[in-house]
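Raw start-v8.cif, mmCIF, C-alpha atoms:
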data_work
#
loop_
_atom_site.label_atom_id
_atom_site.label_comp_id
_atom_site.auth_asym_id
_atom_site.auth_seq_id
_atom_site.Cartn_x
_atom_site.Cartn_y
_atom_site.Cartn_z
CA MET F 1 -50.30 51.85 -94.32
CA ARG F 2 -50.10 53.72 -97.63
CA ILE F 3 -47.15 56.10 -97.92
CA ALA F 4 -46.83 58.80 -100.56
CA ILE F 5 -43.33 59.91 -101.47
CA ILE F 6 -43.09 63.33 -103.07
CA ASP F 7 -39.75 63.92 -104.75
CA THR F 8 -38.44 65.55 -107.88
CA SER F 9 -35.55 63.08 -108.05
CA THR F 10 -36.27 59.47 -108.97
CA THR F 11 -32.93 58.44 -107.42
CA ARG F 12 -33.78 59.89 -104.02
CA ALA F 13 -37.33 58.52 -104.25
CA ALA F 14 -35.84 55.07 -104.89
CA ILE F 15 -33.67 55.37 -101.74
CA ILE F 16 -36.74 56.20 -99.68
CA SER F 17 -38.77 53.40 -101.30
CA ASP F 18 -36.00 50.89 -100.57
CA GLY F 19 -35.82 52.01 -96.95
CA LEU F 20 -39.56 51.63 -96.57
CA ARG F 21 -39.64 48.20 -98.19
CA GLU F 22 -36.77 47.03 -95.95
CA ALA F 23 -38.87 48.17 -92.98
CA GLY F 24 -41.78 46.06 -94.23
CA LEU F 25 -43.80 48.91 -95.71
CA ASP F 26 -44.63 48.30 -99.33
CA ASP F 27 -47.83 50.21 -100.05
CA ILE F 28 -45.91 53.09 -101.60
CA VAL F 29 -46.92 55.74 -104.12
CA VAL F 30 -44.22 57.94 -105.68
CA ILE F 31 -45.38 61.38 -106.80
CA ASP F 32 -43.31 63.76 -108.88
CA GLY F 33 -43.07 66.91 -106.79
CA THR F 34 -43.53 69.24 -109.74
CA LEU F 35 -46.65 68.10 -111.60
CA GLY F 36 -50.22 67.97 -110.29
CA MET F 37 -49.15 67.18 -106.76
CA VAL F 38 -52.47 67.97 -105.05
CA ALA F 39 -54.52 65.88 -107.47
CA ALA F 40 -52.04 63.01 -107.23
CA LEU F 41 -52.20 63.11 -103.41
CA GLU F 42 -55.99 63.11 -103.43
CA LYS F 43 -56.00 60.13 -105.79
CA ALA F 44 -53.39 58.21 -103.78
CA ALA F 45 -55.13 58.86 -100.42
CA PRO F 46 -51.98 58.17 -98.37
CA ASP F 47 -51.86 57.65 -94.62
CA VAL F 48 -48.44 59.34 -94.41
CA VAL F 49 -46.66 61.73 -96.76
CA LEU F 50 -42.88 61.89 -97.13
CA ILE F 51 -41.55 64.95 -98.92
CA ASN F 52 -37.92 65.05 -100.00
CA LEU F 53 -36.42 68.29 -101.28
CA GLU F 54 -32.79 68.71 -102.22
CA ASN F 55 -32.34 72.48 -102.21
CA PRO F 56 -35.83 73.96 -102.05
CA SER F 57 -36.50 77.53 -103.11
CA ARG F 58 -38.77 79.75 -101.01
CA ASP F 59 -41.56 79.38 -103.60
CA MET F 60 -41.24 75.59 -103.62
CA LEU F 61 -41.32 75.45 -99.82
CA GLU F 62 -44.40 77.68 -99.73
CA GLU F 63 -46.16 75.38 -102.22
CA PHE F 64 -45.32 72.29 -100.16
CA PHE F 65 -46.38 74.03 -96.96
CA ALA F 66 -49.71 74.98 -98.53
CA VAL F 67 -50.22 71.34 -99.46
CA SER F 68 -49.31 70.17 -95.96
CA ARG F 69 -51.79 72.61 -94.39
CA ALA F 70 -54.55 71.18 -96.58
CA LEU F 71 -53.75 67.54 -95.76
CA ALA F 72 -54.89 66.04 -92.50
CA ARG F 73 -52.08 63.49 -92.53
CA PRO F 74 -48.71 63.03 -90.88
CA ILE F 75 -46.04 64.66 -93.03
CA ALA F 76 -42.30 64.12 -92.83
CA MET F 77 -40.12 66.47 -94.83
CA PHE F 78 -36.47 65.82 -95.68
CA VAL F 79 -34.41 68.78 -96.84
CA ASP F 80 -30.69 69.05 -97.52
CA GLN F 81 -30.44 72.64 -96.28
CA SER F 82 -32.54 74.82 -94.06
CA ASP F 83 -32.61 77.98 -92.01
CA ALA F 84 -34.55 79.03 -88.93
CA GLU F 85 -37.27 80.71 -91.02
CA SER F 86 -37.88 77.60 -93.13
CA THR F 87 -37.97 75.38 -90.06
CA ALA F 88 -40.51 77.67 -88.37
CA ALA F 89 -42.61 77.78 -91.55
CA ALA F 90 -42.60 73.97 -91.72
CA VAL F 91 -43.77 73.64 -88.13
CA ASP F 92 -46.46 76.31 -88.66
CA ALA F 93 -47.63 74.46 -91.79
CA GLY F 94 -48.19 71.27 -89.81
CA VAL F 95 -45.17 69.26 -90.91
CA SER F 96 -44.82 66.55 -88.26
CA ALA F 97 -41.13 65.83 -88.82
CA TYR F 98 -38.69 68.23 -90.51
CA ILE F 99 -35.37 66.49 -91.09
CA VAL F 100 -32.37 68.49 -92.31
CA ASP F 101 -29.55 66.63 -94.06
CA GLY F 102 -30.68 63.31 -92.67
CA LEU F 103 -31.88 61.18 -95.56
CA ALA F 104 -30.60 57.69 -94.92
CA LYS F 105 -32.38 54.45 -95.70
CA GLN F 106 -32.24 53.12 -92.14
CA ARG F 107 -33.66 56.36 -90.67
CA ILE F 108 -36.82 56.49 -92.78
CA LYS F 109 -38.99 54.13 -90.71
CA PRO F 110 -38.16 55.81 -87.37
CA VAL F 111 -38.91 59.20 -88.94
CA ILE F 112 -42.30 57.93 -90.15
CA ASP F 113 -43.06 56.60 -86.67
CA LEU F 114 -42.11 59.97 -85.18
CA ALA F 115 -44.23 61.87 -87.72
CA ILE F 116 -47.26 59.69 -86.98
CA ARG F 117 -46.91 60.08 -83.21
CA ARG F 118 -46.40 63.84 -83.39
CA PHE F 119 -49.38 64.15 -85.74
CA GLN F 120 -51.57 62.12 -83.38
CA ALA F 121 -50.43 64.17 -80.37
CA PHE F 122 -51.14 67.41 -82.21
CA ALA F 123 -54.56 66.13 -83.33
CA ARG F 124 -55.40 65.22 -79.71
CA LEU F 125 -54.38 68.70 -78.56
CA GLN F 126 -56.52 70.30 -81.26
CA ALA F 127 -59.51 68.16 -80.27
CA GLU F 128 -59.03 69.07 -76.60
CA LEU F 129 -58.76 72.76 -77.51
CA HIS F 130 -61.94 72.54 -79.58
CA GLU F 131 -63.73 70.77 -76.74
CA ALA F 132 -62.57 73.38 -74.20
CA ARG F 133 -63.67 76.26 -76.44
CA SER F 134 -67.02 74.60 -77.02
CA ALA F 135 -67.52 74.05 -73.28
CA LEU F 136 -66.62 77.68 -72.59
CA ALA F 137 -69.07 78.88 -75.24
CA ASP F 138 -71.78 76.63 -73.77
CA ARG F 139 -71.05 77.96 -70.29
CA THR F 140 -71.33 81.55 -71.51
CA THR F 141 -74.63 80.77 -73.24
CA VAL F 142 -76.04 79.10 -70.12
CA ASP F 143 -74.94 82.03 -67.95
CA ARG F 144 -76.67 84.52 -70.29
CA ALA F 145 -79.86 82.44 -70.30
CA LYS F 146 -79.81 82.20 -66.49
CA ALA F 147 -79.48 86.00 -66.30
CA ILE F 148 -82.47 86.42 -68.61
CA LEU F 149 -84.57 83.99 -66.55
CA MET F 150 -83.51 85.64 -63.30
CA LYS F 151 -84.49 89.09 -64.60
CA ARG F 152 -87.76 88.02 -66.25
CA ARG F 153 -89.00 85.75 -63.48
CA GLY F 154 -87.40 87.41 -60.48
CA ILE F 155 -85.68 84.18 -59.38
CA ASP F 156 -82.23 83.31 -58.07
CA GLU F 157 -79.46 81.62 -60.03
CA PRO F 158 -79.93 78.03 -58.75
CA THR F 159 -83.64 78.20 -59.59
CA ALA F 160 -82.90 79.56 -63.07
CA TYR F 161 -80.42 76.73 -63.67
CA GLY F 162 -82.98 74.22 -62.39
CA LEU F 163 -85.52 75.52 -64.93
CA LEU F 164 -82.95 75.14 -67.74
CA ARG F 165 -82.03 71.64 -66.64
CA ALA F 166 -85.65 70.54 -66.26
CA GLN F 167 -86.58 71.82 -69.72
CA ALA F 168 -83.52 70.14 -71.24
CA MET F 169 -84.54 66.83 -69.67
CA ARG F 170 -88.19 67.17 -70.77
CA SER F 171 -87.22 67.96 -74.35
CA ASN F 172 -84.23 65.57 -74.48
CA ARG F 173 -81.87 68.36 -75.51
CA ARG F 174 -78.66 69.79 -74.14
CA ILE F 175 -78.89 72.59 -71.58
CA ALA F 176 -76.85 74.81 -73.91
CA GLU F 177 -79.45 74.32 -76.67
CA ILE F 178 -82.26 75.38 -74.32
CA ALA F 179 -80.17 78.34 -73.18
CA ASP F 180 -79.55 79.36 -76.78
CA ALA F 181 -83.30 79.21 -77.49
CA ILE F 182 -83.97 81.47 -74.49
CA ILE F 183 -81.37 83.99 -75.66
CA THR F 184 -82.85 83.97 -79.17
CA SER F 185 -86.37 84.35 -77.82
CA ASP F 186 -85.29 87.22 -75.59
CA ALA F 187 -83.65 88.98 -78.52
CA LEU F 188 -86.82 88.64 -80.61
CA MET F 189 -89.32 89.50 -77.87
CA GLY F 190 -87.40 92.34 -76.28
CA ASP F 191 -88.78 94.01 -73.19
CA LEU F 192 -92.44 92.97 -73.43
#

Turn this file's structure into structure tokens for me.
Amino acid sequence: MRIAIIDTSTTRAAIISDGLREAGLDDIVVIDGTLGMVAALEKAAPDVVLINLENPSRDMLEEFFAVSRALARPIAMFVDQSDAESTAAAVDAGVSAYIVDGLAKQRIKPVIDLAIRRFQAFARLQAELHEARSALADRTTVDRAKAILMKRRGIDEPTAYGLLRAQAMRSNRRIAEIADAIITSDALMGDL
């Protein structure tokens, strides 16, 4: 597992590196948090990102949050001070673990494990949400196509669905694709 450490302090970065090495993790990339951070992260291609900020300004936090939104990786952020607004912004930005005043060598590995698990759980929830939205959109499309068939052919709903299903099987396509084609055709043909 490759871990990127973003820190403006080489001393703090060394503490984190030591903690990771003691935990058996030695594929580590240290990135200076002030220069070309996005390019350096793209080049490093880390599996996990650890960000350590001593006393971050609002502008610095916003920059780090923008980076974390763009990355599809678990991110753990260590800060020395925080307030409710910064904590909420970190969570909204997708930071998996936001640790205030808790940088200690022995805590780094458990924090990484937590960040990875929270990231995976969040990714699963996003995938499930996407799947549910897609299924709902498909259902709406099928219902519209059934209504068109029922009106045009003067048939009931089960028969309309049977026609959709049969055409999907004959053409080896999803029912929602057939339904979408019917809706498109109806829009183009109008009331002929």

Item checked: Result set, the PyMOL selection byres ((chain F and resi 7) around 7) on current file, as a list of chain:residue names -> F:Ile5, F:Ile6, F:Thr8, F:Ser9, F:Ala13, F:Ile31, F:Asp32, F:Gly33, F:Ile51, F:Asn52, F:Leu53

Decode the PyMOL selection byres ((chain F and resi 74-89) around 8) for the given file into explicit residues and return them as a PDB file with C-alpha atoms, in the frame of the given file.
ATOM      1  CA  ASP F  47     -51.860  57.650 -94.620  1.00  0.00           C
ATOM      2  CA  VAL F  48     -48.440  59.340 -94.410  1.00  0.00           C
ATOM      3  CA  VAL F  49     -46.660  61.730 -96.760  1.00  0.00           C
ATOM      4  CA  LEU F  50     -42.880  61.890 -97.130  1.00  0.00           C
ATOM      5  CA  ILE F  51     -41.550  64.950 -98.920  1.00  0.00           C
ATOM      6  CA  ASN F  52     -37.920  65.050-100.000  1.00  0.00           C
ATOM      7  CA  LEU F  53     -36.420  68.290-101.280  1.00  0.00           C
ATOM      8  CA  GLU F  54     -32.790  68.710-102.220  1.00  0.00           C
ATOM      9  CA  ASN F  55     -32.340  72.480-102.210  1.00  0.00           C
ATOM     10  CA  PRO F  56     -35.830  73.960-102.050  1.00  0.00           C
ATOM     11  CA  LEU F  61     -41.320  75.450 -99.820  1.00  0.00           C
ATOM     12  CA  PHE F  65     -46.380  74.030 -96.960  1.00  0.00           C
ATOM     13  CA  SER F  68     -49.310  70.170 -95.960  1.00  0.00           C
ATOM     14  CA  ALA F  72     -54.890  66.040 -92.500  1.00  0.00           C
ATOM     15  CA  ARG F  73     -52.080  63.490 -92.530  1.00  0.00           C
ATOM     16  CA  ALA F  90     -42.600  73.970 -91.720  1.00  0.00           C
ATOM     17  CA  VAL F  91     -43.770  73.640 -88.130  1.00  0.00           C
ATOM     18  CA  ASP F  92     -46.460  76.310 -88.660  1.00  0.00           C
ATOM     19  CA  ALA F  93     -47.630  74.460 -91.790  1.00  0.00           C
ATOM     20  CA  GLY F  94     -48.190  71.270 -89.810  1.00  0.00           C
ATOM     21  CA  VAL F  95     -45.170  69.260 -90.910  1.00  0.00           C
ATOM     22  CA  SER F  96     -44.820  66.550 -88.260  1.00  0.00           C
ATOM     23  CA  ALA F  97     -41.130  65.830 -88.820  1.00  0.00           C
ATOM     24  CA  TYR F  98     -38.690  68.230 -90.510  1.00  0.00           C
ATOM     25  CA  ILE F  99     -35.370  66.490 -91.090  1.00  0.00           C
ATOM     26  CA  VAL F 100     -32.370  68.490 -92.310  1.00  0.00           C
ATOM     27  CA  ASP F 101     -29.550  66.630 -94.060  1.00  0.00           C
ATOM     28  CA  GLY F 102     -30.680  63.310 -92.670  1.00  0.00           C
ATOM     29  CA  LEU F 103     -31.880  61.180 -95.560  1.00  0.00           C
ATOM     30  CA  VAL F 111     -38.910  59.200 -88.940  1.00  0.00           C
ATOM     31  CA  ILE F 112     -42.300  57.930 -90.150  1.00  0.00           C
ATOM     32  CA  ALA F 115     -44.230  61.870 -87.720  1.00  0.00           C
ATOM     33  CA  ILE F 116     -47.260  59.690 -86.980  1.00  0.00           C
ATOM     34  CA  ARG F 118     -46.400  63.840 -83.390  1.00  0.00           C
ATOM     35  CA  PHE F 119     -49.380  64.150 -85.740  1.00  0.00           C
TER      36      PHE F 119
END

Notebook entry, point to check: Hey, can you check how far CA of Gly190 (chain F) sits from CA of Ile178 (chain F)?
Noted result: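 Between these atoms lies a distance of 17.8 Å.
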
Item checked: Point-to-point distance in Å for CA of Gln106 (chain F) and CA of Arg124 (chain F) ->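 These two atoms are separated by 28.9 Å.
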
Notebook entry, point to check: Written as a ChimeraX atom specification, what is the full residue list that the PyMOL selection byres ((chain F and resi 179) around 8) yields on the file shown?
Noted result: /F:141-142,144-146,164,175-178,180-183

Next item on the list: Find the distance between CA of Arg139 (chain F) and CA of Arg153 (chain F) and write it in Å to one decimal.
Entry: 20.7 Å

Check: For Ala147 (chain F), which residue out of F:Ala121, F:Ala132, F:Asp186, F:Asn172 is the nearest one, using all atoms listed in the file?
Finding: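 Ranked by minimum distance to Ala147 (chain F), first place goes to F:Asp186.
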
Using all atoms of region 99-107 of chain F that appear in the file, construct an axis-aligned enclosing box with 3 Å of padding on every side and provide its centre coordinates and edge lengths in Å, rounded to one decimal, as JSON.
{"center_x": -32.5, "center_y": 60.8, "center_z": -93.2, "size_x": 11.8, "size_y": 21.4, "size_z": 11.0}

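The nearest approach to Glu157 (chain F) among the residues F:Asp143, F:Ser134, F:Arg170, F:Glu128, with all atoms listed in the file taken into account, belongs to F:Asp143.
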
Notebook entry, point to check: Closest to Ala44 (chain F) among F:Arg21, F:Lys105, F:Arg12, F:Arg2, using only C-alpha atoms?
Noted result: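 When distances to Ala44 (chain F) are compared using only C-alpha atoms, the smallest one comes from F:Arg2.
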
Item checked: Pick from F:Ala166, F:Ala4, F:Ile108, F:Leu114, whichever lies nearest to Ala23 (chain F) using only C-alpha atoms -> F:Ile108

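Take the candidates F:Ala123, F:Met1, F:Met189, F:Val29 and check each one against Ile148 (chain F) using only C-alpha atoms; the shortest distance goes to F:Met189.
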
Repair of region 162-176 of chain F at the level of N, CA and C atoms, as an mmCIF file, in the frame of the given file:
data_model
loop_
_atom_site.group_PDB
_atom_site.id
_atom_site.type_symbol
_atom_site.label_atom_id
_atom_site.label_comp_id
_atom_site.auth_asym_id
_atom_site.auth_seq_id
_atom_site.Cartn_x
_atom_site.Cartn_y
_atom_site.Cartn_z
ATOM 1 N N GLY F 162 -82.055 75.353 -62.524
ATOM 2 C CA GLY F 162 -82.980 74.220 -62.390
ATOM 3 C C GLY F 162 -84.038 74.229 -63.491
ATOM 4 N N LEU F 163 -84.544 75.413 -63.840
ATOM 5 C CA LEU F 163 -85.520 75.520 -64.930
ATOM 6 C C LEU F 163 -84.891 75.085 -66.270
ATOM 7 N N LEU F 164 -83.664 75.533 -66.511
ATOM 8 C CA LEU F 164 -82.950 75.140 -67.740
ATOM 9 C C LEU F 164 -82.768 73.631 -67.797
ATOM 10 N N ARG F 165 -82.298 73.081 -66.693
ATOM 11 C CA ARG F 165 -82.030 71.640 -66.640
ATOM 12 C C ARG F 165 -83.317 70.837 -66.817
ATOM 13 N N ALA F 166 -84.379 71.263 -66.151
ATOM 14 C CA ALA F 166 -85.650 70.540 -66.260
ATOM 15 C C ALA F 166 -86.183 70.569 -67.693
ATOM 16 N N GLN F 167 -86.101 71.731 -68.348
ATOM 17 C CA GLN F 167 -86.580 71.820 -69.720
ATOM 18 C C GLN F 167 -85.708 70.985 -70.664
ATOM 19 N N ALA F 168 -84.425 70.957 -70.412
ATOM 20 C CA ALA F 168 -83.520 70.140 -71.240
ATOM 21 C C ALA F 168 -83.880 68.662 -71.097
ATOM 22 N N MET F 169 -84.177 68.233 -69.887
ATOM 23 C CA MET F 169 -84.540 66.830 -69.670
ATOM 24 C C MET F 169 -85.887 66.503 -70.313
ATOM 25 N N ARG F 170 -86.867 67.406 -70.167
ATOM 26 C CA ARG F 170 -88.190 67.170 -70.770
ATOM 27 C C ARG F 170 -88.113 67.096 -72.289
ATOM 28 N N SER F 171 -87.286 67.907 -72.887
ATOM 29 C CA SER F 171 -87.220 67.960 -74.350
ATOM 30 C C SER F 171 -86.091 67.108 -74.927
ATOM 31 N N ASN F 172 -85.336 66.434 -74.049
ATOM 32 C CA ASN F 172 -84.230 65.570 -74.480
ATOM 33 C C ASN F 172 -83.221 66.334 -75.333
ATOM 34 N N ARG F 173 -82.852 67.516 -74.835
ATOM 35 C CA ARG F 173 -81.870 68.360 -75.510
ATOM 36 C C ARG F 173 -80.813 68.781 -74.502
ATOM 37 N N ARG F 174 -79.730 69.294 -75.017
ATOM 38 C CA ARG F 174 -78.660 69.790 -74.140
ATOM 39 C C ARG F 174 -79.084 71.102 -73.489
ATOM 40 N N ILE F 175 -78.583 71.351 -72.291
ATOM 41 C CA ILE F 175 -78.890 72.590 -71.580
ATOM 42 C C ILE F 175 -78.472 73.799 -72.424
ATOM 43 N N ALA F 176 -77.332 73.697 -73.093
ATOM 44 C CA ALA F 176 -76.850 74.810 -73.910
ATOM 45 C C ALA F 176 -77.817 75.111 -75.063
#
